[in-house]
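Peer 1: Encoded as structure tokens, here's the structure I'll be asking about.
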Amino acid sequence: MQTDSTILVTGASGFIGAHLCEHLVRQGRRVIGVAREHPERLPSGVTARTADLSRPEECDRLLQDLRPETIFHLASHVAGSRDLRLVRPTFDANLAAAVNLMLSAAAQGCGRFVMTGSLEEPDSVLAAPSSPYAAAKAAAASYGRMFHALYGLPVVIARVFMVYGPGQRDPHKLVPYVIESLLHKRPPRLSSGTRPVDWVYVADVAEGLALLAAADGVAGQTVDI
């Protein structure tokens, strides 16, 4: 990433997006943060833009106006439930939005397109995804590899594991939920604890994403964070 280049961060008002924006601003980067809702939550030093990325025309207009050198696509509808009602919103927010943005980026050109995947994605193409969210994220990663292979878009997929840290506003996430329960002297209601997962601090995730934007030889690849 060139110091004076424009960096576009989608999902900039979210948990990881806000930390990434702060990390980039501290590096002296020019950061444009995109949020569909709550642009007022963007960190200091970030220029706010509002856009619905599920609409192709809004993606085209955004990239035509900004011409970013680097794109971090973090916007997502995060919900691990198997509820049938989640199929449409996760498709729109996690797959359609990613494809729309990659189409616009392929037409406009950019130096690096970093998109976030998920540990929920199945490890095999033959395995059934565990939720609508997992299916949409896996399909978006597949499209990302295709955009690199067929159209030369320098896409890198960062498969992010279980993130925790300050500013995590979702009270149902394990770490804030347990802390909040104990502070109120309530025993937290937990499952069996038999599923192994890796926990990673949000500042480390932000640093890892920033490094992927500048690393050599990673275009078209999936990198676990």
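Residue numbering restarts at 1 for every chain of the structure tokens, chains are lettered A, B, ... in their displayed order, and ligands are numbered from 1 as they appear.
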Dump as JSON lines the rows for residues of segment 188-210 of chain A within 9 Å of segment 170-178 of chain A: closest atom pair and distance in Å with one decimal, only C-alpha atoms counted, ordered by chain and rising residue number.

Peer 2:
```
{"residue": "A:Pro188", "atom": "CA", "partner": "A:Val178", "partner_atom": "CA", "distance": 5.7}
{"residue": "A:Arg189", "atom": "CA", "partner": "A:Val178", "partner_atom": "CA", "distance": 8.5}
{"residue": "A:Leu190", "atom": "CA", "partner": "A:Leu174", "partner_atom": "CA", "distance": 8.7}
```

Peer 1: Using DSSP assignments from the backbone, pull out every residue in chain A that falls under strand (DSSP E or B) and give it to me as JSON, numbers by chain.

Peer 2: {"A": [6, 7, 8, 9, 10, 30, 31, 32, 33, 34, 35, 47, 48, 49, 50, 70, 71, 72, 73, 112, 113, 114, 115, 116, 117, 118, 155, 156, 157, 158, 159, 160, 162, 163, 164, 199, 200, 201, 222, 223, 224]}

Peer 1: Considering only C-alpha atoms, can you say which of A:Phe161, A:Gly144, A:Glu180, A:Leu74 comes closest to Gly14 of chain A?

Peer 2: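 Result for the nearest residue to Gly14 of chain A: A:Leu74.
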
Peer 1: Excluding Val31 of chain A and any residue of its chain fewer than 5 positions from it, enumerate the residues within 9 Å of it, using only C-alpha atoms, and give them as an NGL selection string.

Peer 2: :A and (5-9 or 21 or 24-25 or 45-48)

Peer 1: Given the selection you just returned, output its residues as a file containing N, CA and C atoms, formatted as an mmCIF file, in the first residue's frame.

Peer 2:
```cif
data_model
loop_
_atom_site.group_PDB
_atom_site.id
_atom_site.type_symbol
_atom_site.label_atom_id
_atom_site.label_comp_id
_atom_site.auth_asym_id
_atom_site.auth_seq_id
_atom_site.Cartn_x
_atom_site.Cartn_y
_atom_site.Cartn_z
ATOM 1 N N SER A 5 -2.127 6.648 -0.925
ATOM 2 C CA SER A 5 -3.210 6.070 -1.709
ATOM 3 C C SER A 5 -4.494 6.031 -0.896
ATOM 4 N N THR A 6 -5.609 5.911 -1.611
ATOM 5 C CA THR A 6 -6.919 5.839 -0.965
ATOM 6 C C THR A 6 -7.224 4.396 -0.597
ATOM 7 N N ILE A 7 -7.649 4.192 0.652
ATOM 8 C CA ILE A 7 -8.024 2.869 1.137
ATOM 9 C C ILE A 7 -9.506 2.886 1.466
ATOM 10 N N LEU A 8 -10.223 1.920 0.921
ATOM 11 C CA LEU A 8 -11.655 1.800 1.162
ATOM 12 C C LEU A 8 -11.898 0.629 2.101
ATOM 13 N N VAL A 9 -12.634 0.871 3.184
ATOM 14 C CA VAL A 9 -12.972 -0.176 4.148
ATOM 15 C C VAL A 9 -14.488 -0.270 4.228
ATOM 16 N N CYS A 21 -9.768 0.388 10.706
ATOM 17 C CA CYS A 21 -9.689 1.807 10.346
ATOM 18 C C CYS A 21 -8.740 2.554 11.274
ATOM 19 N N LEU A 24 -5.148 1.714 10.405
ATOM 20 C CA LEU A 24 -4.691 2.353 9.165
ATOM 21 C C LEU A 24 -4.479 3.854 9.359
ATOM 22 N N VAL A 25 -5.368 4.485 10.118
ATOM 23 C CA VAL A 25 -5.217 5.923 10.384
ATOM 24 C C VAL A 25 -3.929 6.188 11.147
ATOM 25 N N GLY A 45 -10.807 10.452 12.094
ATOM 26 C CA GLY A 45 -9.838 10.444 11.009
ATOM 27 C C GLY A 45 -10.282 9.686 9.784
ATOM 28 N N VAL A 46 -11.455 9.057 9.842
ATOM 29 C CA VAL A 46 -11.980 8.288 8.720
ATOM 30 C C VAL A 46 -13.069 9.094 8.023
ATOM 31 N N THR A 47 -12.991 9.176 6.704
ATOM 32 C CA THR A 47 -14.029 9.846 5.921
ATOM 33 C C THR A 47 -15.178 8.879 5.694
ATOM 34 N N ALA A 48 -16.385 9.286 6.054
ATOM 35 C CA ALA A 48 -17.547 8.396 6.022
ATOM 36 C C ALA A 48 -18.273 8.459 4.690
#
```

Peer 1: Write out as a list in words the set of residues from segment 104-145 of chain A that DSSP, computed on the backbone, places in alpha helix (DSSP H).

Peer 2: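 For segment 104-145 of chain A, the alpha helix (DSSP H) set is Ser104, Ala105, Ala106, Ala107, Gln108, Pro132, Tyr133, Ala134, Ala135, Ala136, Lys137, Ala138, Ala139, Ala140, Ala141, Ser142, Tyr143, Gly144 and Arg145 of chain A.
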
Peer 1: So what do you get for atom CA of Leu20 of chain A versus atom CA of Cys110 of chain A, distance-wise?

Peer 2: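 Interatomic distance here is 18.9 Å.
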
Peer 1: Residues within 9 Å of Gly80 of chain A, please, as a list of chain:residue names. Count only C-alpha atoms; anything in the same chain fewer than 6 positions from it doesn't count.

Peer 2: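 Here the answer would be A:Glu120, A:Ser130, A:Ser131, A:Pro132, A:Tyr133, A:Ala134.
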
Peer 1: Excluding same-chain residues fewer than 5 positions from segment 91-105 of chain A, what lies within 10 Å of it counting only C-alpha atoms, as a PyMOL selection string?

Peer 2: chain A and resi 10+52-64+67-71+73-78+86+110-113+115-117+132-141+143-144+147-148+151+153-155

Peer 1: Could you check the closest approach to Gln27 of chain A for each of A:Asp65, A:Glu207, A:Glu40, A:Asp216 and tell me which residue wins, using only C-alpha atoms?

Peer 2: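 Using only C-alpha atoms, the shortest distance to Gln27 of chain A belongs to A:Glu207.
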